[in-house]
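Pasting my_file-v8.txt here (compact mmCIF, C-alpha atoms and all ligand atoms):
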# COMPACT_ATOMS: atom_id res chain seq x y z
CA MET K 1 -1.92 -27.78 6.45
CA GLY K 2 -5.16 -26.42 4.98
CA ALA K 3 -7.55 -27.96 2.48
CA GLY K 4 -8.00 -25.09 0.04
CA GLN K 5 -7.06 -24.56 -3.59
CA ALA K 6 -3.34 -24.47 -2.78
CA GLY K 7 -3.08 -27.27 -0.20
CA MET K 8 -5.41 -29.80 -1.81
CA LEU K 9 -3.97 -29.43 -5.30
CA LEU K 10 -0.45 -30.03 -4.01
CA ALA K 11 -1.55 -32.87 -1.72
CA LEU K 12 -3.32 -34.72 -4.56
CA GLY K 13 -0.50 -34.03 -6.99
CA LEU K 14 2.22 -35.38 -4.71
CA GLN K 15 0.07 -38.32 -3.69
CA GLN K 16 -0.02 -39.40 -7.35
CA HIS K 17 3.79 -39.35 -7.35
CA GLY K 18 3.88 -41.82 -4.46
CA TYR K 19 4.50 -39.37 -1.60
CA GLN K 20 2.92 -40.07 1.77
CA ILE K 21 0.81 -36.99 2.45
CA THR K 22 -1.19 -35.96 5.49
CA VAL K 23 -3.65 -33.08 5.20
CA VAL K 24 -4.25 -31.35 8.52
CA THR K 25 -7.28 -29.12 8.26
CA GLU K 26 -10.06 -27.67 10.37
CA ARG K 27 -13.13 -28.74 8.39
CA ASP K 28 -14.15 -32.05 6.81
CA ALA K 29 -15.62 -32.44 3.32
CA ASP K 30 -19.23 -32.34 4.48
CA THR K 31 -18.77 -29.21 6.57
CA ILE K 32 -17.11 -27.45 3.64
CA ARG K 33 -19.82 -28.52 1.18
CA THR K 34 -22.69 -27.32 3.37
CA GLY K 35 -20.99 -24.17 4.63
CA ARG K 36 -20.81 -20.58 3.46
CA ILE K 37 -19.50 -19.73 -0.01
CA LEU K 38 -15.77 -19.08 -0.03
CA SER K 39 -14.92 -17.27 -3.25
CA ASN K 40 -15.90 -16.35 -6.79
CA GLN K 41 -12.90 -18.56 -7.78
CA CYS K 42 -12.75 -17.84 -11.50
CA MET K 43 -9.78 -19.80 -12.83
CA PHE K 44 -8.24 -19.32 -16.21
CA ASP K 45 -6.74 -21.74 -18.69
CA LYS K 46 -3.12 -21.61 -17.56
CA ALA K 47 -4.03 -22.60 -13.99
CA LEU K 48 -6.73 -25.08 -15.05
CA ARG K 49 -4.22 -26.78 -17.31
CA PHE K 50 -2.16 -27.95 -14.31
CA GLU K 51 -5.27 -29.49 -12.73
CA ARG K 52 -6.19 -31.17 -16.03
CA GLN K 53 -2.68 -32.57 -16.52
CA GLN K 54 -3.17 -34.39 -13.22
CA GLY K 55 -6.68 -35.62 -13.96
CA LEU K 56 -8.18 -33.48 -11.19
CA ASN K 57 -10.68 -31.67 -13.42
CA PHE K 58 -13.77 -33.47 -12.15
CA TRP K 59 -16.33 -30.84 -13.22
CA ASP K 60 -15.41 -30.02 -16.85
CA ASP K 61 -18.60 -31.60 -18.22
CA ARG K 62 -20.85 -29.57 -15.89
CA ALA K 63 -19.15 -26.24 -15.22
CA PRO K 64 -20.18 -23.35 -17.48
CA THR K 65 -17.34 -21.91 -19.51
CA VAL K 66 -16.03 -18.39 -19.00
CA ASP K 67 -15.45 -17.41 -22.61
CA GLY K 68 -14.26 -13.84 -22.45
CA ILE K 69 -13.91 -10.57 -20.63
CA ALA K 70 -16.39 -7.71 -21.05
CA PHE K 71 -15.09 -4.42 -19.74
CA ARG K 72 -17.04 -1.24 -19.19
CA ALA K 73 -16.14 1.91 -17.31
CA THR K 74 -18.59 4.64 -16.34
CA ALA K 75 -16.10 6.99 -18.03
CA GLY K 76 -17.53 5.71 -21.34
CA ILE K 77 -15.16 2.91 -22.31
CA SER K 78 -16.72 -0.38 -23.36
CA TRP K 79 -15.29 -3.48 -25.03
CA GLU K 80 -15.49 -7.23 -25.02
CA SER K 81 -12.90 -9.82 -25.95
CA PRO K 82 -12.92 -13.60 -26.14
CA LEU K 83 -10.26 -15.53 -24.23
CA ASP K 84 -8.05 -17.89 -26.25
CA ASN K 85 -9.26 -20.74 -24.05
CA PRO K 86 -12.19 -20.62 -21.64
CA GLY K 87 -11.88 -20.24 -17.90
CA GLN K 88 -14.12 -21.85 -15.31
CA SER K 89 -15.43 -21.25 -11.82
CA VAL K 90 -16.30 -24.25 -9.65
CA ASP K 91 -17.67 -23.39 -6.20
CA GLN K 92 -14.79 -24.12 -3.83
CA ARG K 93 -17.26 -25.83 -1.49
CA LEU K 94 -17.86 -28.41 -4.22
CA LYS K 95 -14.28 -28.58 -5.44
CA MET K 96 -12.55 -28.87 -2.08
CA SER K 97 -15.04 -31.34 -0.64
CA ASP K 98 -14.73 -33.53 -3.77
CA TRP K 99 -10.93 -33.27 -3.66
CA LEU K 100 -10.77 -34.11 0.05
CA THR K 101 -12.99 -37.14 -0.52
CA GLU K 102 -10.85 -38.27 -3.45
CA PHE K 103 -7.65 -37.77 -1.45
CA ALA K 104 -8.98 -40.03 1.33
CA LYS K 105 -10.20 -42.60 -1.25
CA ARG K 106 -6.66 -42.76 -2.63
CA GLY K 107 -5.29 -43.58 0.82
CA GLY K 108 -4.38 -40.07 2.05
CA GLU K 109 -4.57 -39.30 5.75
CA ILE K 110 -6.80 -36.42 6.88
CA ARG K 111 -6.51 -35.02 10.38
CA LEU K 112 -9.22 -32.65 11.52
CA GLN K 113 -7.60 -30.04 13.67
CA ARG K 114 -7.45 -26.27 13.86
CA VAL K 115 -3.70 -25.75 13.94
CA GLY K 116 -2.20 -22.88 15.92
CA PRO K 117 1.35 -21.62 15.48
CA ALA K 118 2.45 -23.72 18.50
CA ASP K 119 1.10 -26.95 16.95
CA LEU K 120 3.43 -26.49 14.02
CA GLU K 121 6.40 -27.56 16.19
CA GLU K 122 4.86 -30.97 16.64
CA LEU K 123 4.07 -31.27 12.93
CA ALA K 124 7.62 -30.21 12.04
CA ARG K 125 9.00 -32.99 14.27
CA GLU K 126 6.73 -35.58 12.69
CA PHE K 127 6.96 -34.69 8.99
CA SER K 128 9.86 -34.09 6.62
CA LEU K 129 8.09 -31.01 5.21
CA VAL K 130 5.31 -28.82 6.60
CA LEU K 131 3.46 -26.55 4.17
CA VAL K 132 1.17 -23.90 5.63
CA ALA K 133 -1.71 -23.40 3.20
CA ALA K 134 -4.12 -21.88 5.70
CA GLY K 135 -5.45 -19.05 3.56
CA ARG K 136 -5.41 -15.34 4.28
CA GLY K 137 -5.65 -13.53 7.59
CA PRO K 138 -3.47 -12.69 10.53
CA GLN K 139 -3.22 -16.12 12.18
CA PHE K 140 0.32 -16.81 10.94
CA ALA K 141 1.39 -13.19 10.50
CA GLN K 142 4.10 -13.50 13.18
CA LEU K 143 5.59 -16.57 11.58
CA PHE K 144 5.72 -15.27 8.01
CA ALA K 145 6.99 -11.71 8.16
CA ARG K 146 5.32 -9.07 5.98
CA ASP K 147 7.59 -8.01 3.14
CA SER K 148 7.02 -4.28 3.26
CA ALA K 149 8.96 -3.61 0.05
CA LEU K 150 6.49 -5.80 -1.86
CA SER K 151 3.37 -4.80 0.12
CA PRO K 152 2.39 -1.24 -0.79
CA PHE K 153 -0.82 -1.22 1.30
CA SER K 154 -1.00 -1.61 5.06
CA GLU K 155 -4.77 -2.07 5.05
CA ALA K 156 -7.67 -3.24 2.91
CA GLN K 157 -8.39 -1.01 -0.08
CA ARG K 158 -11.94 -2.18 -0.71
CA GLY K 159 -15.05 -3.33 1.12
CA ILE K 160 -15.96 -6.48 -0.79
CA SER K 161 -19.04 -8.65 -1.09
CA LEU K 162 -20.14 -11.66 -3.08
CA LEU K 163 -23.52 -13.27 -3.74
CA TYR K 164 -24.46 -16.28 -5.84
CA VAL K 165 -27.70 -15.70 -7.74
CA LYS K 166 -29.99 -17.82 -9.85
CA THR K 167 -30.41 -15.94 -13.11
CA LYS K 168 -32.31 -16.45 -16.34
CA GLY K 169 -29.06 -17.75 -17.82
CA THR K 170 -29.09 -15.29 -20.69
CA GLU K 171 -26.30 -13.07 -19.36
CA TYR K 172 -22.84 -12.65 -20.87
CA GLN K 173 -20.94 -15.94 -20.73
CA GLY K 174 -17.76 -14.49 -19.30
CA VAL K 175 -16.39 -12.08 -16.73
CA ASN K 176 -18.45 -8.91 -16.83
CA PHE K 177 -16.17 -6.28 -15.33
CA ALA K 178 -17.38 -2.76 -14.52
CA LEU K 179 -15.33 0.12 -13.24
CA GLY K 180 -16.67 3.31 -11.68
CA PRO K 181 -15.40 6.12 -9.46
CA GLU K 182 -16.84 4.47 -6.31
CA GLY K 183 -15.54 0.96 -6.99
CA GLU K 184 -15.89 -2.08 -9.19
CA PHE K 185 -18.26 -4.92 -10.00
CA PHE K 186 -17.83 -8.23 -11.70
CA SER K 187 -20.06 -11.16 -12.43
CA LEU K 188 -19.41 -14.58 -13.93
CA PRO K 189 -21.17 -17.89 -14.51
CA LEU K 190 -20.20 -20.68 -12.12
CA LEU K 191 -21.04 -24.19 -11.00
CA SER K 192 -22.14 -24.14 -7.37
CA VAL K 193 -23.04 -27.03 -5.08
CA ASP K 194 -26.64 -26.39 -6.15
CA GLY K 195 -26.02 -26.19 -9.89
CA PRO K 196 -25.35 -23.26 -12.25
CA ARG K 197 -25.30 -19.83 -10.62
CA CYS K 198 -23.98 -16.37 -11.36
CA GLY K 199 -21.44 -14.95 -8.90
CA ILE K 200 -21.86 -11.21 -8.43
CA TYR K 201 -19.05 -9.35 -6.76
CA PHE K 202 -18.93 -5.75 -5.51
CA SER K 203 -15.80 -3.91 -4.54
CA GLY K 204 -16.30 -0.53 -2.88
CA ILE K 205 -13.80 2.17 -2.04
CA PRO K 206 -13.80 2.33 1.80
CA GLY K 207 -16.36 4.75 3.19
CA GLY K 208 -17.95 5.30 -0.24
CA PRO K 209 -21.46 4.34 -1.37
CA LEU K 210 -20.34 0.93 -2.74
CA ASP K 211 -18.83 0.02 0.63
CA CYS K 212 -22.30 -0.75 1.97
CA TRP K 213 -22.32 -4.44 2.92
CA ASP K 214 -21.24 -4.60 6.57
CA ASP K 215 -24.78 -4.76 7.98
CA VAL K 216 -26.26 -7.10 5.36
CA ALA K 217 -27.82 -9.97 7.30
CA ASN K 218 -29.03 -12.47 4.72
CA SER K 219 -29.13 -13.34 1.01
CA GLU K 220 -32.47 -11.54 0.48
CA ASP K 221 -31.16 -8.27 1.99
CA PHE K 222 -28.04 -8.67 -0.04
CA PHE K 223 -29.97 -9.23 -3.25
CA GLU K 224 -32.09 -6.15 -2.67
CA ARG K 225 -29.10 -3.97 -1.94
CA ALA K 226 -27.19 -5.42 -4.89
CA SER K 227 -30.09 -4.62 -7.24
CA LYS K 228 -30.12 -1.01 -6.05
CA ALA K 229 -26.33 -0.72 -6.25
CA LEU K 230 -26.34 -2.00 -9.83
CA GLU K 231 -29.11 0.39 -10.87
CA ARG K 232 -27.32 3.33 -9.31
CA HIS K 233 -23.67 2.64 -10.13
CA PHE K 234 -23.65 0.28 -13.12
CA PRO K 235 -27.12 0.73 -14.70
CA TRP K 236 -26.25 -1.14 -17.92
CA LEU K 237 -25.93 -4.29 -15.77
CA ALA K 238 -29.14 -3.85 -13.77
CA SER K 239 -31.07 -6.29 -15.99
CA LEU K 240 -28.84 -9.09 -14.65
CA LEU K 241 -30.89 -9.20 -11.45
CA VAL K 242 -34.32 -8.69 -13.01
CA ASP K 243 -36.25 -11.98 -12.70
CA ALA K 244 -33.29 -13.42 -10.80
CA GLU K 245 -33.26 -14.66 -7.21
CA PRO K 246 -30.65 -15.07 -4.49
CA GLY K 247 -29.05 -18.47 -3.99
CA GLY K 248 -29.15 -20.31 -0.65
CA PRO K 249 -28.93 -18.73 2.81
CA LEU K 250 -25.14 -19.19 2.93
CA ASP K 251 -24.54 -18.02 -0.63
CA PHE K 252 -23.15 -14.63 0.32
CA LEU K 253 -20.10 -13.22 2.01
CA LYS K 254 -18.64 -9.82 2.80
CA GLY K 255 -15.40 -8.51 4.21
CA ARG K 256 -12.14 -6.70 3.63
CA ILE K 257 -8.85 -8.14 2.48
CA ALA K 258 -5.54 -6.44 3.14
CA PRO K 259 -3.13 -7.33 0.32
CA VAL K 260 0.20 -8.60 1.61
CA VAL K 261 3.32 -10.42 0.44
CA ARG K 262 5.07 -12.39 3.18
CA ASP K 263 8.42 -14.04 3.62
CA PRO K 264 7.34 -17.60 2.73
CA VAL K 265 9.84 -19.26 5.07
CA GLY K 266 8.84 -19.34 8.74
CA THR K 267 11.21 -20.31 11.53
CA LEU K 268 9.72 -22.00 14.59
CA ASP K 269 11.18 -21.57 18.10
CA SER K 270 13.01 -24.87 17.68
CA GLY K 271 14.68 -23.54 14.53
CA ALA K 272 12.63 -25.82 12.25
CA LYS K 273 11.48 -24.21 8.97
CA VAL K 274 7.97 -24.32 7.51
CA LEU K 275 6.89 -23.11 4.07
CA ALA K 276 3.86 -20.90 3.32
CA MET K 277 1.84 -21.30 0.15
CA GLY K 278 -1.22 -19.77 -1.53
CA ASP K 279 -2.87 -16.89 0.30
CA THR K 280 -0.78 -17.53 3.42
CA ALA K 281 2.29 -16.47 1.43
CA VAL K 282 0.75 -13.88 -0.91
CA THR K 283 -2.72 -12.40 -0.43
CA ASN K 284 -4.12 -10.16 -3.14
CA ASP K 285 -7.37 -8.23 -3.21
CA PRO K 286 -9.75 -10.27 -5.44
CA ILE K 287 -10.15 -7.36 -7.89
CA ALA K 288 -8.19 -9.11 -10.65
CA GLY K 289 -9.43 -12.63 -9.83
CA GLN K 290 -5.92 -13.94 -9.30
CA GLY K 291 -5.85 -15.64 -5.85
CA ALA K 292 -7.13 -19.09 -6.77
CA ASN K 293 -5.12 -19.01 -9.99
CA MET K 294 -1.98 -18.15 -8.05
CA ALA K 295 -2.74 -20.83 -5.46
CA ALA K 296 -2.71 -23.33 -8.35
CA HIS K 297 0.50 -21.91 -9.80
CA CYS K 298 2.07 -22.06 -6.35
CA ALA K 299 1.07 -25.73 -6.02
CA ALA K 300 2.58 -26.41 -9.46
CA ALA K 301 5.86 -24.65 -8.61
CA TYR K 302 6.19 -26.36 -5.23
CA GLN K 303 5.35 -29.76 -6.67
CA GLN K 304 8.04 -29.48 -9.31
CA THR K 305 10.59 -28.31 -6.71
CA ILE K 306 9.69 -31.15 -4.33
CA LEU K 307 10.01 -33.74 -7.11
CA GLU K 308 13.38 -32.34 -8.13
CA GLN K 309 14.59 -32.36 -4.53
CA GLY K 310 14.48 -36.17 -4.54
CA ASP K 311 15.88 -37.59 -1.30
CA ARG K 312 17.62 -34.40 -0.25
CA PRO K 313 16.23 -32.60 2.83
CA PHE K 314 13.56 -29.93 2.47
CA ASP K 315 15.79 -27.18 3.81
CA GLU K 316 15.54 -23.41 3.58
CA GLU K 317 17.37 -23.32 0.24
CA PHE K 318 14.79 -25.70 -1.22
CA MET K 319 11.95 -23.58 0.20
CA ARG K 320 13.31 -20.36 -1.28
CA LEU K 321 13.79 -22.06 -4.64
CA GLY K 322 10.17 -23.25 -4.65
CA PHE K 323 8.82 -19.81 -3.80
CA GLN K 324 11.09 -18.11 -6.33
CA ARG K 325 9.74 -20.40 -9.03
CA PHE K 326 6.17 -19.42 -8.06
CA TRP K 327 7.10 -15.73 -7.80
CA GLU K 328 8.06 -15.72 -11.49
CA ILE K 329 4.32 -15.47 -12.15
CA GLY K 330 3.10 -14.42 -8.67
CA GLN K 331 4.88 -11.07 -8.77
CA HIS K 332 2.96 -10.01 -11.88
CA ALA K 333 -0.43 -11.07 -10.49
CA THR K 334 0.38 -9.08 -7.37
CA ARG K 335 1.41 -5.97 -9.28
CA PHE K 336 -1.66 -6.24 -11.55
CA SER K 337 -4.01 -6.65 -8.56
CA ASN K 338 -2.42 -3.83 -6.53
CA ASP K 339 -2.41 -1.40 -9.46
CA LEU K 340 -6.09 -2.03 -10.20
CA LEU K 341 -6.83 -0.74 -6.70
CA LEU K 342 -5.40 2.68 -7.58
CA PRO K 343 -6.85 5.25 -9.96
CA PRO K 344 -5.63 4.19 -13.43
CA PRO K 345 -2.87 6.38 -14.87
CA ASP K 346 -3.51 8.10 -18.22
CA HIS K 347 -1.62 5.54 -20.31
CA VAL K 348 -3.74 2.71 -18.86
CA LEU K 349 -6.94 4.65 -19.53
CA ALA K 350 -5.68 5.30 -23.07
CA THR K 351 -5.01 1.56 -23.47
CA LEU K 352 -8.51 0.65 -22.27
CA ALA K 353 -10.01 3.28 -24.56
CA THR K 354 -8.02 2.00 -27.55
CA ALA K 355 -9.28 -1.50 -26.77
CA GLN K 356 -12.73 -0.29 -27.88
CA GLN K 357 -11.53 0.19 -31.45
CA VAL K 358 -8.64 -2.26 -31.67
CA PRO K 359 -9.57 -5.86 -30.81
CA GLU K 360 -5.89 -6.83 -30.51
CA VAL K 361 -5.51 -4.46 -27.54
CA ALA K 362 -8.72 -5.71 -25.91
CA HIS K 363 -7.55 -9.28 -26.36
CA ARG K 364 -4.12 -8.59 -24.90
CA PHE K 365 -5.71 -6.99 -21.83
CA ALA K 366 -8.23 -9.84 -21.44
CA GLU K 367 -5.43 -12.42 -21.53
CA LEU K 368 -3.73 -10.71 -18.55
CA PHE K 369 -6.27 -12.44 -16.32
CA ASN K 370 -5.08 -15.77 -17.66
CA ASP K 371 -1.38 -14.95 -17.67
CA PRO K 372 -0.42 -11.76 -15.83
CA ARG K 373 3.27 -12.11 -16.75
CA ASP K 374 2.63 -9.73 -19.64
CA TYR K 375 1.45 -6.96 -17.30
CA THR K 376 4.57 -5.48 -15.70
CA GLY K 377 6.61 -5.10 -18.87
CA TRP K 378 3.64 -3.57 -20.67
CA LEU K 379 1.32 -1.44 -18.55
CA THR K 380 3.60 -0.27 -15.75
CA ASP K 381 5.73 1.60 -18.26
CA GLU K 382 4.09 4.63 -19.87
CA GLU K 383 6.40 4.77 -22.88
CA THR K 384 5.98 1.07 -23.71
CA ALA K 385 2.21 1.31 -23.31
CA ILE K 386 1.89 4.37 -25.58
CA ARG K 387 4.17 2.83 -28.22
CA TYR K 388 2.08 -0.31 -28.20
CA ILE K 389 -1.15 1.68 -28.63
CA GLN K 390 0.35 3.40 -31.69
CA GLU K 391 1.68 0.17 -33.20
CA ALA K 392 -1.50 -1.85 -32.60
CA THR K 393 -3.66 0.97 -33.95
CA ALA K 394 -1.52 1.19 -37.10
CA ARG K 395 -1.86 -2.57 -37.61
C1 LIG K 401 -15.05 -12.65 -2.53
C2 LIG K 401 -13.86 -13.30 -3.15
C3 LIG K 401 -13.81 -13.48 -4.52
C4 LIG K 401 -12.70 -14.09 -5.12
N1 LIG K 401 -12.69 -14.27 -6.48
C5 LIG K 401 -11.64 -14.90 -7.05
C6 LIG K 401 -11.62 -15.17 -8.45
O1 LIG K 401 -12.58 -14.89 -9.19
N2 LIG K 401 -10.52 -15.78 -8.98
C7 LIG K 401 -9.45 -16.13 -8.20
O2 LIG K 401 -8.46 -16.67 -8.73
N3 LIG K 401 -9.44 -15.90 -6.86
C8 LIG K 401 -10.50 -15.32 -6.27
N4 LIG K 401 -10.51 -15.12 -4.91
C9 LIG K 401 -9.33 -15.53 -4.11
C10 LIG K 401 -9.28 -17.04 -3.86
O3 LIG K 401 -10.50 -17.50 -3.34
C11 LIG K 401 -8.15 -17.35 -2.86
O4 LIG K 401 -6.99 -16.66 -3.22
C12 LIG K 401 -7.84 -18.85 -2.82
O5 LIG K 401 -8.96 -19.57 -2.43
C13 LIG K 401 -6.68 -19.12 -1.88
O6 LIG K 401 -6.48 -20.51 -1.73
P1 LIG K 401 -5.67 -21.06 -0.48
O7 LIG K 401 -5.63 -22.54 -0.63
O8 LIG K 401 -4.40 -20.33 -0.35
O9 LIG K 401 -6.52 -20.64 0.81
P2 LIG K 401 -7.99 -21.04 1.21
O10 LIG K 401 -8.82 -21.34 0.05
O11 LIG K 401 -8.46 -19.95 2.14
O12 LIG K 401 -7.83 -22.39 2.04
C14 LIG K 401 -7.32 -22.41 3.35
C15 LIG K 401 -7.61 -23.75 3.98
O13 LIG K 401 -6.98 -23.82 5.27
C16 LIG K 401 -7.91 -24.18 6.27
N5 LIG K 401 -7.42 -23.54 7.50
C17 LIG K 401 -7.32 -22.22 7.73
N6 LIG K 401 -6.80 -22.00 8.96
C18 LIG K 401 -6.57 -23.21 9.49
C19 LIG K 401 -6.02 -23.63 10.73
N7 LIG K 401 -5.61 -22.76 11.64
N8 LIG K 401 -5.92 -24.96 10.97
C20 LIG K 401 -6.34 -25.86 10.04
N9 LIG K 401 -6.85 -25.51 8.84
C21 LIG K 401 -6.96 -24.20 8.57
C22 LIG K 401 -9.23 -23.64 5.73
O14 LIG K 401 -10.34 -24.28 6.34
C23 LIG K 401 -9.09 -23.99 4.26
O15 LIG K 401 -9.36 -25.34 4.04
C24 LIG K 401 -11.61 -14.52 -4.31
C25 LIG K 401 -11.67 -14.35 -2.92
C26 LIG K 401 -12.79 -13.77 -2.34
C27 LIG K 401 -12.83 -13.61 -0.85
Is it possible to give me this structure as structure tokens?
Amino acid sequence: MGAGQAGMLLALGLQQHGYQITVVTERDADTIRTGRILSNQCMFDKALRFERQQGLNFWDDRAPTVDGIAFRATAGISWESPLDNPGQSVDQRLKMSDWLTEFAKRGGEIRLQRVGPADLEELAREFSLVLVAAGRGPQFAQLFARDSALSPFSEAQRGISLLYVKTKGTEYQGVNFALGPEGEFFSLPLLSVDGPRCGIYFSGIPGGPLDCWDDVANSEDFFERASKALERHFPWLASLLVDAEPGGPLDFLKGRIAPVVRDPVGTLDSGAKVLAMGDTAVTNDPIAGQGANMAAHCAAAYQQTILEQGDRPFDEEFMRLGFQRFWEIGQHATRFSNDLLLPPPDHVLATLATAQQVPEVAHRFAELFNDPRDYTGWLTDEETAIRYIQEATAR
């Protein structure tokens, strides 16, 4: 259920292994393609690799590469590091509509339906496995209980906004990340339904001056406010919007996302079990650009677990095994994303400052976006982080 990054990747993957898959989703390919933008969707090599292995990388010859991470904090830290392998951002309107079309072409069944919790009973009777890949939000909150031990925030920590802009094309060919006391900004090159664009993303601490998007009515308003916000909060990036123009009328979005980790196994009134994936299971604030990457890793973990299950039933034990396999990486993306929402502790600031002088440190930090498994054992422990700074500096 759900035709997003998580659901479509798994549906297409299993279809290629001979499984009979039905995608139940609320919007068809055309409606997705012509609708509002959905995400900044920067995906890194590790996640892209799974799509490429399955031949689902339809845009590699057209999508601009994301070659590195440039980091700058108003506190005076500034560095840039290439990624080992480039990332890529393909407008989810383009990607999901192409994938849905391909899925149907390969004989997959698509049912257009907005599914409510009650409809899941019927699906659970009909199918041997029901996966709920319906994205973030409260619609299935009752079914998949919030795991409070793994969810440190009970509400959104940022007011967020995103606009696609048409730029001169001379900007940094990577993720341009800026950090200030009022919030964050990042921009990156992407392939939209209308061609190459730059995705500009603002993340404002609630109630602060960068949390200023609620009343923005259209792309032009947004562009004007974004230009002012850049000049005021991240002036070294202001030139990005000089001689640029906003994308189409639906090329902006705004909102708030409450990060949450849920119990991925839901039990229906009948006792039947359904399995959550992607944002429905784990929603992170987009600050670290991990959601679409984790949706892909979740699809990869579930696919492998389904293949290994063979003819055995898709019971709760199978579901927990699949999620556990995903959580091996998902837990680190979650910790990384949640920690970035808090003021950085001194050892993290010291690491980011050292990255200015020591490219090895900058590179290690940049690669966290690709593979966050390095994060927890490194930057959540002060002693380890300080020792690493000393060792890397000596090298
Ligand atoms: C502003 C912003 C910027 C972001 N930037 C990045 C980034 O740079 N990198 C990154 O990795 N991630 C980023 N993300 C996060 C990323 O977009 C999501 O984590 C990812 O798309 C989740 O995929 P999903 O398949 O779980 O859910 P979704 O993509 O939300 O897909 C859900 C699908 O389910 C369908 N659906 C929903 N409800 C129902 C229903 N009741 N019945 C039937 N169908 C339903 C929807 O129509 C949709 O097809 C960003 C998110 C935002 C909002």
Q) From the list K:His297, K:Arg146, K:His332, K:His347, which residue is nearest K:Gly266 when using all atoms listed in the file? A) K:Arg146
Q: Check the smallest atom-to-atom distance from each of K:Val261, K:Leu275, K:Ala124, K:Leu188 to ligand LIG 401 (chain K) using only C-alpha atoms and all ligand atoms, then report the winner.
A: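 With only C-alpha atoms and all ligand atoms as the atom set, the closest residue is K:Leu188.
In terms of minimum interatomic distance to K:Leu190, K:Trp59 ranks closest within K:Phe144, K:Trp59, K:Phe222, K:Trp99, counting all atoms listed in the file.
With distances restricted to all atoms listed in the file, K:Phe314 is the closest residue to K:Ala272 from K:Phe103, K:Phe314, K:Phe44, K:Trp236.
By only C-alpha atoms, and with residues fewer than 6 positions from K:Gly107 along its chain excluded, the set lying at most 12 Å from it is Ala11, Leu12, Gln15, Gln16, Gly18, Tyr19, Gln20, Ile21, Thr22, Val23, Leu100 and Thr101 of chain K.
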Q: Let me have all residues with an atom within 7 Å of ligand LIG 401 (chain K), counting all atoms listed in the file, laid out as a PyMOL selection string.
A: chain K and resi 1-7+24-27+38-43+113-116+133-136+160-162+201+253+277-280+283+286+289-295
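Using only C-alpha atoms, the nearest neighbour of K:Leu123 within the list K:Val274, K:Glu316, K:Phe186, K:Pro343 is K:Val274.
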Q: Select, from K:Lys46, K:Arg125, K:Lys168, K:Lys95, the residue with the minimum atom-to-atom distance to K:Lys273, counting only C-alpha atoms.
A: K:Arg125
Q: Do a neighbour search on K:Asn85 at 10 Å with only C-alpha atoms, toss out local chain neighbours closer than 4 positions, and write the hits as an MDAnalysis selection string.
A: chainID K and resid 44:46 65:68 367 370
Those selected residues, please, written with C-alpha atoms and delivered as a PDB file, in the frame of the given file.
ATOM      1  CA  PHE K  44      -8.240 -19.320 -16.210  1.00  0.00           C
ATOM      2  CA  ASP K  45      -6.740 -21.740 -18.690  1.00  0.00           C
ATOM      3  CA  LYS K  46      -3.120 -21.610 -17.560  1.00  0.00           C
ATOM      4  CA  THR K  65     -17.340 -21.910 -19.510  1.00  0.00           C
ATOM      5  CA  VAL K  66     -16.030 -18.390 -19.000  1.00  0.00           C
ATOM      6  CA  ASP K  67     -15.450 -17.410 -22.610  1.00  0.00           C
ATOM      7  CA  GLY K  68     -14.260 -13.840 -22.450  1.00  0.00           C
ATOM      8  CA  GLU K 367      -5.430 -12.420 -21.530  1.00  0.00           C
ATOM      9  CA  ASN K 370      -5.080 -15.770 -17.660  1.00  0.00           C
TER      10      ASN K 370
END
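Pairwise distance (atom CA of K:Phe318, atom CA of K:Gln304) equals 11.2 Å.
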(Q) Could you list, as an NGL selection string, every residue within 12 Å of K:Ala238, counting only C-alpha atoms and ignoring same-chain residues fewer than 4 positions away? (A) :K and (171 or 178 or 185 or 187 or 200 or 223-234 or 242-244)
Q.
Is it possible to get the residues within 12 Å of (-17.3, -28.3, -5.0) (coordinates as in the file, counting only C-alpha atoms) written as a ChimeraX atom specification?
A. /K:4-5,29-39,41,57-59,62-63,89-102,190-196
Q: Please measure the separation of atom CA of K:Phe177 and atom CA of K:Ile69, giving the value in Å to one decimal.
A: 7.2 Å
Q: Give me the residues within 12 Å of K:Gln390 as a ChimeraX atom specification, counting only C-alpha atoms and dropping any in the same chain fewer than 4 places off.
A: /K:347,350-351,354-355,358,361,383-386,394-395
Q. Atom CA of K:Ile205 and atom CA of K:Pro152 are how many Å apart?
A.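 We find that atom CA of K:Ile205 and atom CA of K:Pro152 lie 16.6 Å from each other.
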